[in-house]
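To start, the structure under review is shown below, and the notes come after it.
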Amino acid sequence: MTRVPIFQGLSRDDQLHVAGFISPLHVHKGDVIYSPGQAVSRLLVMHSGSLKVSRIGTNGQERVLRTVSDGELVGERAMLTGERSDDLVTALEDSRMCTLGHDDLARLLGRYPDVGMRMLRTVSDRLASTERLLAAVTSSDVSARVAAYLLDQPGQVRDGMVVVHLPMAKHDVAAYLGTTPETLNRRLAALTSAGIVELQGRRDVVVRDPDALERMAAGDAD
């Protein structure tokens, strides 16, 4: 529990008390956690792994909305409003999470308001990421979309550089960004040639010049 951001800051005794409200959930890669039209009665708080949140269009095609990683939330809107979810939530890899029922969440927030503030911060960070990506997607510049996407992915610091691990296969990332896999590969190759990023393996991207990436995401590549 100490690794889950919304529970950090609680004393050891409080964490033990909170543990009485939650149930652990382990899922395997490919498992479906929520289906469209399903009533959502629990909040998921990611501990490790990653999930894909998507929607199925009338043409049967899947549209990826976002990926979910450590410390992020799933199902909060549907659970709090009582609406049935339109989302398909699938595990991208073996994942672990905490689950909270509606009544338990209400009692928990009543006793530990700081947990609610951390939840709001998590949702706020997601909204900021969505707004940045939306601004990039409405542009015709695919490079801006790619830059915004890389900036909004969680990264790890290695040798003084931020390394982003792509949570999905590149063809899924391309679909998420509204482009083709070929175009995505060309844009990543151009970023590499410019010394802004470096590709390592199939999914790791080393961000060598974050300022240049920020300018590109904002449409100020020149």
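By order of appearance in the structure tokens: chains A, B, ..., then residues from 1 within every chain, and ligands from 1 in the order shown.
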Query raised in the report: Within 12 Å of Met117 (chain A), counting only C-alpha atoms, which residues qualify if same-chain residues fewer than 5 places away don't, as a list in words?
Result: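 Near neighbours after the sequence-gap exclusion: Pro5, Ile6, Phe7, Gln8, Gly9, Leu109, Gly110, Tyr112, Thr122, Val123 and Ser124 of chain A.
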Requested in this report: Please provide the set of residues having any atom within 6 Å of region 92-97 of chain A, restricted to only C-alpha atoms, with same-chain residues fewer than 2 positions apart removed, written as number ranges by chain.
Outcome: A: 24-29, 45-51
Query - Atom-to-atom span, CA of Val173 (chain A) and CA of Tyr149 (chain A), Å - result: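 A separation of 8.9 Å between them.
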Query raised in the report: Near Leu191 (chain A), counting only C-alpha atoms, which residues have an atom at most 10 Å away, once you skip same-chain residues fewer than 2 positions from it, shown as a list in words?
Result: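 Skipping anything fewer than 2 positions along the chain leaves Ser143, Val146, Ala147, Asn185, Arg186, Arg187, Leu188, Ala189, Ser193, Ala194, Gly195, Ile196, Val197, Glu198, Leu199, Val207, Arg208, Asp209, Ala212 and Leu213 of chain A.
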Selection export as a CSV table (one decimal), in the first residue's frame, atoms kept: all heavy atoms:
```csv
chain,number,residue,atom,x,y,z
A,143,SER,N,3.9,15.2,-35.4
A,143,SER,CA,5.0,15.3,-34.5
A,143,SER,C,4.6,15.8,-33.1
A,143,SER,O,5.1,15.4,-32.1
A,143,SER,CB,6.1,16.1,-35.1
A,143,SER,OG,6.7,15.5,-36.3
A,146,VAL,N,3.0,13.1,-31.1
A,146,VAL,CA,3.9,12.1,-30.6
A,146,VAL,C,4.7,12.7,-29.4
A,146,VAL,O,4.9,12.1,-28.4
A,146,VAL,CB,4.9,11.7,-31.7
A,146,VAL,CG1,6.0,10.8,-31.1
A,146,VAL,CG2,4.2,11.0,-32.8
A,147,ALA,N,5.1,14.0,-29.5
A,147,ALA,CA,5.8,14.7,-28.4
A,147,ALA,C,4.9,14.8,-27.2
A,147,ALA,O,5.4,14.5,-26.1
A,147,ALA,CB,6.3,16.1,-28.9
A,185,ASN,N,6.5,5.6,-36.8
A,185,ASN,CA,7.9,5.2,-36.9
A,185,ASN,C,8.8,6.3,-37.5
A,185,ASN,O,9.9,6.5,-37.1
A,185,ASN,CB,8.1,3.9,-37.6
A,185,ASN,CG,7.6,2.7,-36.8
A,185,ASN,OD1,7.7,2.7,-35.6
A,185,ASN,ND2,7.1,1.7,-37.5
A,186,ARG,N,8.2,7.0,-38.6
A,186,ARG,CA,9.0,8.1,-39.2
A,186,ARG,C,9.2,9.2,-38.3
A,186,ARG,O,10.3,9.8,-38.2
A,186,ARG,CB,8.3,8.5,-40.5
A,186,ARG,CG,8.4,7.6,-41.7
A,186,ARG,CD,8.0,8.3,-43.0
A,186,ARG,NE,6.6,8.7,-43.0
A,186,ARG,CZ,5.6,7.9,-43.4
A,186,ARG,NH1,5.9,6.7,-43.9
A,186,ARG,NH2,4.4,8.3,-43.4
A,187,ARG,N,8.2,9.6,-37.5
A,187,ARG,CA,8.3,10.7,-36.5
A,187,ARG,C,9.3,10.3,-35.4
A,187,ARG,O,10.1,11.2,-35.0
A,187,ARG,CB,7.0,11.0,-35.9
A,187,ARG,CG,6.0,11.6,-36.9
A,187,ARG,CD,6.5,12.9,-37.6
A,187,ARG,NE,5.5,13.5,-38.4
A,187,ARG,CZ,5.2,13.2,-39.7
A,187,ARG,NH1,6.0,12.3,-40.3
A,187,ARG,NH2,4.3,13.8,-40.4
A,188,LEU,N,9.3,9.1,-34.9
A,188,LEU,CA,10.2,8.7,-33.9
A,188,LEU,C,11.7,8.7,-34.5
A,188,LEU,O,12.6,9.1,-33.8
A,188,LEU,CB,9.9,7.3,-33.4
A,188,LEU,CG,8.6,7.2,-32.5
A,188,LEU,CD1,8.3,5.8,-32.2
A,188,LEU,CD2,8.8,8.0,-31.2
A,189,ALA,N,11.8,8.3,-35.7
A,189,ALA,CA,13.1,8.3,-36.4
A,189,ALA,C,13.6,9.7,-36.5
A,189,ALA,O,14.8,10.0,-36.3
A,189,ALA,CB,13.0,7.6,-37.7
A,193,SER,N,17.0,11.3,-35.0
A,193,SER,CA,18.0,12.0,-35.8
A,193,SER,C,18.3,13.4,-35.3
A,193,SER,O,19.5,13.8,-35.4
A,193,SER,CB,17.5,12.1,-37.3
A,193,SER,OG,17.4,10.8,-37.8
A,194,ALA,N,17.3,14.0,-34.7
A,194,ALA,CA,17.5,15.4,-34.2
A,194,ALA,C,18.2,15.3,-32.8
A,194,ALA,O,18.5,16.4,-32.2
A,194,ALA,CB,16.2,16.1,-34.1
A,195,GLY,N,18.4,14.2,-32.2
A,195,GLY,CA,19.0,14.1,-30.9
A,195,GLY,C,18.0,14.4,-29.8
A,195,GLY,O,18.5,14.5,-28.6
A,196,ILE,N,16.7,14.4,-30.1
A,196,ILE,CA,15.8,14.7,-29.0
A,196,ILE,C,15.4,13.5,-28.2
A,196,ILE,O,15.3,13.5,-27.0
A,196,ILE,CB,14.5,15.3,-29.6
A,196,ILE,CG1,14.8,16.6,-30.4
A,196,ILE,CG2,13.4,15.5,-28.6
A,196,ILE,CD1,13.7,17.2,-31.1
A,197,VAL,N,15.4,12.3,-28.8
A,197,VAL,CA,15.1,11.1,-28.1
A,197,VAL,C,16.1,10.0,-28.7
A,197,VAL,O,16.7,10.2,-29.7
A,197,VAL,CB,13.6,10.6,-28.3
A,197,VAL,CG1,12.7,11.6,-27.9
A,197,VAL,CG2,13.4,10.1,-29.7
A,198,GLU,N,16.1,8.9,-28.0
A,198,GLU,CA,16.9,7.7,-28.4
A,198,GLU,C,16.0,6.5,-28.2
A,198,GLU,O,15.4,6.3,-27.1
A,198,GLU,CB,18.2,7.6,-27.7
A,198,GLU,CG,19.0,6.4,-28.0
A,198,GLU,CD,20.2,6.2,-27.1
A,198,GLU,OE1,20.6,7.2,-26.5
A,198,GLU,OE2,20.7,5.0,-27.1
A,199,LEU,N,15.9,5.7,-29.2
A,199,LEU,CA,15.1,4.4,-29.1
A,199,LEU,C,16.0,3.3,-28.5
A,199,LEU,O,17.1,3.1,-29.0
A,199,LEU,CB,14.5,4.0,-30.4
A,199,LEU,CG,13.6,5.1,-31.1
A,199,LEU,CD1,13.0,4.5,-32.4
A,199,LEU,CD2,12.5,5.5,-30.2
A,207,VAL,N,14.5,10.2,-23.4
A,207,VAL,CA,14.2,11.6,-23.7
A,207,VAL,C,15.5,12.4,-23.4
A,207,VAL,O,15.9,12.6,-22.3
A,207,VAL,CB,13.1,12.2,-22.9
A,207,VAL,CG1,12.9,13.7,-23.2
A,207,VAL,CG2,11.8,11.4,-23.1
A,208,ARG,N,16.2,12.7,-24.5
A,208,ARG,CA,17.5,13.4,-24.3
A,208,ARG,C,17.4,14.9,-24.3
A,208,ARG,O,18.2,15.6,-23.7
A,208,ARG,CB,18.5,13.0,-25.5
A,208,ARG,CG,18.8,11.5,-25.5
A,208,ARG,CD,20.0,11.3,-26.3
A,208,ARG,NE,20.6,9.9,-26.1
A,208,ARG,CZ,21.5,9.7,-25.1
A,208,ARG,NH1,21.8,10.7,-24.3
A,208,ARG,NH2,22.0,8.5,-24.9
A,209,ASP,N,16.3,15.5,-24.9
A,209,ASP,CA,16.1,16.9,-24.9
A,209,ASP,C,14.7,17.2,-24.5
A,209,ASP,O,13.9,17.4,-25.4
A,209,ASP,CB,16.5,17.5,-26.2
A,209,ASP,CG,16.6,19.0,-26.2
A,209,ASP,OD1,16.0,19.6,-25.3
A,209,ASP,OD2,17.2,19.6,-27.1
A,212,ALA,N,13.1,20.5,-26.0
A,212,ALA,CA,12.8,20.5,-27.4
A,212,ALA,C,11.5,19.7,-27.6
A,212,ALA,O,10.6,20.1,-28.4
A,212,ALA,CB,13.9,19.8,-28.2
A,213,LEU,N,11.3,18.7,-26.8
A,213,LEU,CA,10.1,17.9,-26.9
A,213,LEU,C,8.9,18.7,-26.4
A,213,LEU,O,7.8,18.7,-27.0
A,213,LEU,CB,10.2,16.6,-26.0
A,213,LEU,CG,9.4,15.4,-26.4
A,213,LEU,CD1,9.8,14.9,-27.8
A,213,LEU,CD2,9.6,14.3,-25.4
```
Return as a JSON list (two decimals) with C-alpha atoms, in the first residue's frame the full set of residues in region 8-133 of chain A whose backbone-based DSSP assignment is helix (DSSP H, G or I).
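Dumped to states-v2.json:
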```
[["chain", "number", "residue", "atom", "x", "y", "z"],
["A", 12, "ARG", "CA", 1.55, 3.03, 9.60],
["A", 13, "ASP", "CA", -1.47, 2.61, 11.87],
["A", 14, "ASP", "CA", -3.71, 4.49, 9.43],
["A", 15, "GLN", "CA", -2.45, 2.37, 6.55],
["A", 16, "LEU", "CA", -3.33, -0.75, 8.48],
["A", 17, "HIS", "CA", -6.79, 0.66, 9.10],
["A", 18, "VAL", "CA", -7.25, 1.58, 5.44],
["A", 19, "ALA", "CA", -6.20, -1.95, 4.47],
["A", 76, "GLU", "CA", -14.31, 6.61, -10.44],
["A", 77, "ARG", "CA", -16.75, 8.46, -12.72],
["A", 78, "ALA", "CA", -19.12, 5.56, -13.30],
["A", 79, "MET", "CA", -19.02, 4.53, -9.65],
["A", 80, "LEU", "CA", -19.74, 8.01, -8.30],
["A", 81, "THR", "CA", -22.45, 8.93, -10.83],
["A", 102, "HIS", "CA", -18.77, 2.74, -3.03],
["A", 103, "ASP", "CA", -19.78, 2.64, 0.65],
["A", 104, "ASP", "CA", -16.26, 1.81, 1.81],
["A", 105, "LEU", "CA", -14.85, 4.68, -0.25],
["A", 106, "ALA", "CA", -17.32, 7.13, 1.34],
["A", 107, "ARG", "CA", -16.33, 6.01, 4.85],
["A", 108, "LEU", "CA", -12.65, 6.12, 3.96],
["A", 109, "LEU", "CA", -12.82, 9.67, 2.59],
["A", 110, "GLY", "CA", -14.80, 10.80, 5.61],
["A", 111, "ARG", "CA", -12.02, 9.68, 7.94],
["A", 113, "PRO", "CA", -9.79, 13.62, 3.66],
["A", 114, "ASP", "CA", -6.15, 13.74, 2.50],
["A", 115, "VAL", "CA", -6.82, 10.57, 0.48],
["A", 116, "GLY", "CA", -9.62, 12.42, -1.32],
["A", 117, "MET", "CA", -7.26, 15.32, -2.09],
["A", 118, "ARG", "CA", -4.72, 12.92, -3.56],
["A", 119, "MET", "CA", -7.48, 11.33, -5.66],
["A", 120, "LEU", "CA", -8.44, 14.77, -6.96],
["A", 121, "ARG", "CA", -4.80, 15.47, -7.78],
["A", 122, "THR", "CA", -4.59, 12.23, -9.73],
["A", 123, "VAL", "CA", -7.73, 13.09, -11.73],
["A", 124, "SER", "CA", -6.44, 16.65, -12.25],
["A", 125, "ASP", "CA", -3.13, 15.36, -13.61],
["A", 126, "ARG", "CA", -5.03, 13.11, -16.01],
["A", 127, "LEU", "CA", -7.15, 16.05, -17.18],
["A", 128, "ALA", "CA", -4.02, 18.14, -17.80],
["A", 129, "SER", "CA", -2.53, 15.31, -19.86],
["A", 130, "THR", "CA", -5.76, 14.94, -21.82],
["A", 131, "GLU", "CA", -5.91, 18.66, -22.55],
["A", 132, "ARG", "CA", -2.32, 18.70, -23.78],
["A", 133, "LEU", "CA", -2.90, 15.70, -26.02]]
```
Which residues of region 182-222 of chain A sit at most 8 Å from region 157-171 of chain A, using only C-alpha atoms? Give each one's shortest atom pair and distance in Å (one decimal place), in chain and ascending residue order, as a tab-separated table.
```
residue	atom	partner	partner_atom	distance
A:Leu184	CA	A:Lys170	CA	7.8
A:Arg203	CA	A:Leu166	CA	5.1
A:Asp204	CA	A:His165	CA	4.5
A:Val205	CA	A:Val164	CA	5.1
A:Val206	CA	A:Val163	CA	4.4
A:Val207	CA	A:Val162	CA	5.5
A:Arg208	CA	A:Met161	CA	6.5
```
Could you dump the residues just selected with all heavy atoms as a compact mmCIF listing (two decimals), in the first residue's frame?
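File result.txt, as written:
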```txt
# COMPACT_ATOMS: atom_id res chain seq x y z
N LEU A 184 4.12 6.99 -37.43
CA LEU A 184 4.68 7.05 -36.08
C LEU A 184 6.16 6.69 -36.11
O LEU A 184 6.99 7.38 -35.49
CB LEU A 184 3.93 6.10 -35.16
CG LEU A 184 4.51 5.92 -33.75
CD1 LEU A 184 4.50 7.23 -32.99
CD2 LEU A 184 3.74 4.84 -32.98
N ARG A 203 10.36 -0.82 -27.05
CA ARG A 203 9.39 0.09 -26.42
C ARG A 203 9.99 1.17 -25.55
O ARG A 203 9.26 2.03 -25.08
CB ARG A 203 8.39 -0.72 -25.58
CG ARG A 203 7.46 -1.60 -26.38
CD ARG A 203 6.24 -1.97 -25.55
NE ARG A 203 5.38 -2.91 -26.21
CZ ARG A 203 4.24 -3.36 -25.70
NH1 ARG A 203 3.85 -2.94 -24.50
NH2 ARG A 203 3.50 -4.23 -26.34
N ASP A 204 11.28 1.19 -25.32
CA ASP A 204 11.88 2.20 -24.47
C ASP A 204 12.33 3.40 -25.29
O ASP A 204 12.98 3.25 -26.33
CB ASP A 204 13.08 1.63 -23.69
CG ASP A 204 12.64 0.76 -22.52
OD1 ASP A 204 11.42 0.72 -22.24
OD2 ASP A 204 13.50 0.12 -21.90
N VAL A 205 11.99 4.59 -24.80
CA VAL A 205 12.37 5.84 -25.46
C VAL A 205 13.10 6.72 -24.44
O VAL A 205 12.52 7.10 -23.41
CB VAL A 205 11.15 6.59 -26.00
CG1 VAL A 205 11.58 7.88 -26.71
CG2 VAL A 205 10.34 5.71 -26.94
N VAL A 206 14.36 7.01 -24.70
CA VAL A 206 15.15 7.89 -23.83
C VAL A 206 14.94 9.33 -24.28
O VAL A 206 15.17 9.67 -25.45
CB VAL A 206 16.65 7.55 -23.89
CG1 VAL A 206 17.45 8.46 -22.97
CG2 VAL A 206 16.87 6.09 -23.53
N VAL A 207 14.46 10.18 -23.38
CA VAL A 207 14.23 11.59 -23.70
C VAL A 207 15.52 12.35 -23.42
O VAL A 207 15.89 12.60 -22.27
CB VAL A 207 13.07 12.18 -22.87
CG1 VAL A 207 12.87 13.65 -23.22
CG2 VAL A 207 11.80 11.39 -23.12
N ARG A 208 16.23 12.74 -24.48
CA ARG A 208 17.52 13.41 -24.33
C ARG A 208 17.38 14.92 -24.27
O ARG A 208 18.24 15.61 -23.70
CB ARG A 208 18.45 13.02 -25.49
CG ARG A 208 18.85 11.53 -25.47
CD ARG A 208 20.04 11.26 -26.35
NE ARG A 208 20.63 9.94 -26.07
CZ ARG A 208 21.47 9.69 -25.09
NH1 ARG A 208 21.84 10.67 -24.29
NH2 ARG A 208 21.95 8.47 -24.90
```
Query raised in the report: Counting only C-alpha atoms, what is within 7 Å of Val64 (chain A), bar same-chain residues fewer than 5 positions away, as a PyMOL selection string?
Result: chain A and resi 53-55+176
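In this structure, CA of Leu150 (chain A) sits 11.1 Å away from CA of Met216 (chain A).
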Report summary line: Closest of A:Gly60, A:Gly30, A:Pro181, A:Pro36 to Ala91 (chain A), counting only C-alpha atoms, is A:Gly30
Requested in this report: Pick out the residues sitting within 12 Å of Ile56 (chain A), and hand them over as a list of chain:residue names; count only C-alpha atoms, and ignore anything fewer than 2 positions along from it in its own chain.
Outcome: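 In the requested form, the answer reads A:Ser35, A:Pro36, A:Gly37, A:Val53, A:Ser54, A:Thr58, A:Asn59, A:Gly60, A:Gln61, A:Glu62, A:Arg63, A:Val64, A:Leu65, A:Asp86, A:Asp87, A:Leu88, A:Val89.
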Would you write out those residues with N, CA, C and O atoms, as a PDB file, in the first residue's frame?
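Okay, again_36.pdb is ready:
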```
ATOM      1  N   SER A  35     -16.508  -4.190 -18.850  1.00  0.00           N
ATOM      2  CA  SER A  35     -17.036  -4.250 -20.211  1.00  0.00           C
ATOM      3  C   SER A  35     -18.040  -3.119 -20.409  1.00  0.00           C
ATOM      4  O   SER A  35     -18.649  -2.658 -19.432  1.00  0.00           O
ATOM      5  N   PRO A  36     -18.244  -2.646 -21.644  1.00  0.00           N
ATOM      6  CA  PRO A  36     -19.241  -1.602 -21.900  1.00  0.00           C
ATOM      7  C   PRO A  36     -20.625  -2.020 -21.411  1.00  0.00           C
ATOM      8  O   PRO A  36     -21.052  -3.158 -21.614  1.00  0.00           O
ATOM      9  N   GLY A  37     -21.302  -1.092 -20.733  1.00  0.00           N
ATOM     10  CA  GLY A  37     -22.646  -1.363 -20.234  1.00  0.00           C
ATOM     11  C   GLY A  37     -22.687  -1.998 -18.869  1.00  0.00           C
ATOM     12  O   GLY A  37     -23.753  -2.155 -18.274  1.00  0.00           O
ATOM     13  N   VAL A  53      -7.780   1.457 -21.406  1.00  0.00           N
ATOM     14  CA  VAL A  53      -9.175   1.897 -21.394  1.00  0.00           C
ATOM     15  C   VAL A  53      -9.545   2.289 -22.819  1.00  0.00           C
ATOM     16  O   VAL A  53      -8.905   3.164 -23.413  1.00  0.00           O
ATOM     17  N   SER A  54     -10.550   1.647 -23.371  1.00  0.00           N
ATOM     18  CA  SER A  54     -10.919   1.901 -24.763  1.00  0.00           C
ATOM     19  C   SER A  54     -12.428   1.865 -24.927  1.00  0.00           C
ATOM     20  O   SER A  54     -13.164   1.528 -23.994  1.00  0.00           O
ATOM     21  N   THR A  58     -19.307   2.145 -33.351  1.00  0.00           N
ATOM     22  CA  THR A  58     -20.421   1.475 -34.019  1.00  0.00           C
ATOM     23  C   THR A  58     -19.943   0.604 -35.168  1.00  0.00           C
ATOM     24  O   THR A  58     -20.647  -0.318 -35.584  1.00  0.00           O
ATOM     25  N   ASN A  59     -18.750   0.912 -35.679  1.00  0.00           N
ATOM     26  CA  ASN A  59     -18.187   0.101 -36.762  1.00  0.00           C
ATOM     27  C   ASN A  59     -17.405  -1.104 -36.238  1.00  0.00           C
ATOM     28  O   ASN A  59     -16.802  -1.850 -37.006  1.00  0.00           O
ATOM     29  N   GLY A  60     -17.413  -1.265 -34.900  1.00  0.00           N
ATOM     30  CA  GLY A  60     -16.719  -2.398 -34.306  1.00  0.00           C
ATOM     31  C   GLY A  60     -15.249  -2.164 -34.036  1.00  0.00           C
ATOM     32  O   GLY A  60     -14.582  -3.040 -33.474  1.00  0.00           O
ATOM     33  N   GLN A  61     -14.727  -0.991 -34.408  1.00  0.00           N
ATOM     34  CA  GLN A  61     -13.315  -0.713 -34.191  1.00  0.00           C
ATOM     35  C   GLN A  61     -13.073  -0.206 -32.774  1.00  0.00           C
ATOM     36  O   GLN A  61     -13.888   0.526 -32.204  1.00  0.00           O
ATOM     37  N   GLU A  62     -11.960  -0.604 -32.223  1.00  0.00           N
ATOM     38  CA  GLU A  62     -11.597  -0.192 -30.871  1.00  0.00           C
ATOM     39  C   GLU A  62     -10.810   1.108 -30.915  1.00  0.00           C
ATOM     40  O   GLU A  62      -9.887   1.270 -31.705  1.00  0.00           O
ATOM     41  N   ARG A  63     -11.181   2.047 -30.029  1.00  0.00           N
ATOM     42  CA  ARG A  63     -10.481   3.328 -29.927  1.00  0.00           C
ATOM     43  C   ARG A  63      -9.891   3.427 -28.528  1.00  0.00           C
ATOM     44  O   ARG A  63     -10.616   3.435 -27.544  1.00  0.00           O
ATOM     45  N   VAL A  64      -8.582   3.485 -28.439  1.00  0.00           N
ATOM     46  CA  VAL A  64      -7.924   3.570 -27.144  1.00  0.00           C
ATOM     47  C   VAL A  64      -8.075   4.983 -26.585  1.00  0.00           C
ATOM     48  O   VAL A  64      -7.739   5.967 -27.250  1.00  0.00           O
ATOM     49  N   LEU A  65      -8.588   5.079 -25.361  1.00  0.00           N
ATOM     50  CA  LEU A  65      -8.751   6.372 -24.709  1.00  0.00           C
ATOM     51  C   LEU A  65      -7.532   6.741 -23.871  1.00  0.00           C
ATOM     52  O   LEU A  65      -7.098   7.892 -23.866  1.00  0.00           O
ATOM     53  N   ASP A  86     -19.168   3.073 -20.395  1.00  0.00           N
ATOM     54  CA  ASP A  86     -19.058   2.799 -21.838  1.00  0.00           C
ATOM     55  C   ASP A  86     -17.693   2.228 -22.193  1.00  0.00           C
ATOM     56  O   ASP A  86     -17.419   1.956 -23.360  1.00  0.00           O
ATOM     57  N   ASP A  87     -16.861   2.061 -21.181  1.00  0.00           N
ATOM     58  CA  ASP A  87     -15.471   1.703 -21.427  1.00  0.00           C
ATOM     59  C   ASP A  87     -15.237   0.193 -21.399  1.00  0.00           C
ATOM     60  O   ASP A  87     -15.916  -0.545 -20.691  1.00  0.00           O
ATOM     61  N   LEU A  88     -14.264  -0.212 -22.179  1.00  0.00           N
ATOM     62  CA  LEU A  88     -13.698  -1.553 -22.119  1.00  0.00           C
ATOM     63  C   LEU A  88     -12.332  -1.417 -21.469  1.00  0.00           C
ATOM     64  O   LEU A  88     -11.478  -0.687 -21.970  1.00  0.00           O
ATOM     65  N   VAL A  89     -12.136  -2.078 -20.335  1.00  0.00           N
ATOM     66  CA  VAL A  89     -10.869  -1.991 -19.608  1.00  0.00           C
ATOM     67  C   VAL A  89     -10.198  -3.359 -19.642  1.00  0.00           C
ATOM     68  O   VAL A  89     -10.756  -4.348 -19.146  1.00  0.00           O
TER      69      VAL A  89
END
```
Query raised in the report: Rounded to one decimal in Å, what is the spacing between CA of Leu151 (chain A) and CA of Gly75 (chain A)?
Result: 24.2 Å
**Report entry** Residue with smallest distance to Arg42 (chain A) - pool A:Leu10, A:Ala190, A:Cys98, A:Ala175, counting only C-alpha atoms
**Finding:** A:Cys98
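Restricting the calculation to only C-alpha atoms, the smallest distance between Leu73 (chain A) and any of A:Gly219, A:Ser11, A:Asp141, A:Leu43 is found for A:Leu43.
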**Report entry** In chain A, DSSP strand (DSSP E) residues written as a VMD selection string
**Finding:** chain A and resid 23 to 27 32 to 34 42 to 48 51 to 56 62 to 68 73 to 74 88 to 91 95 to 101 155 to 158 161 to 165 197 to 200 204 to 207
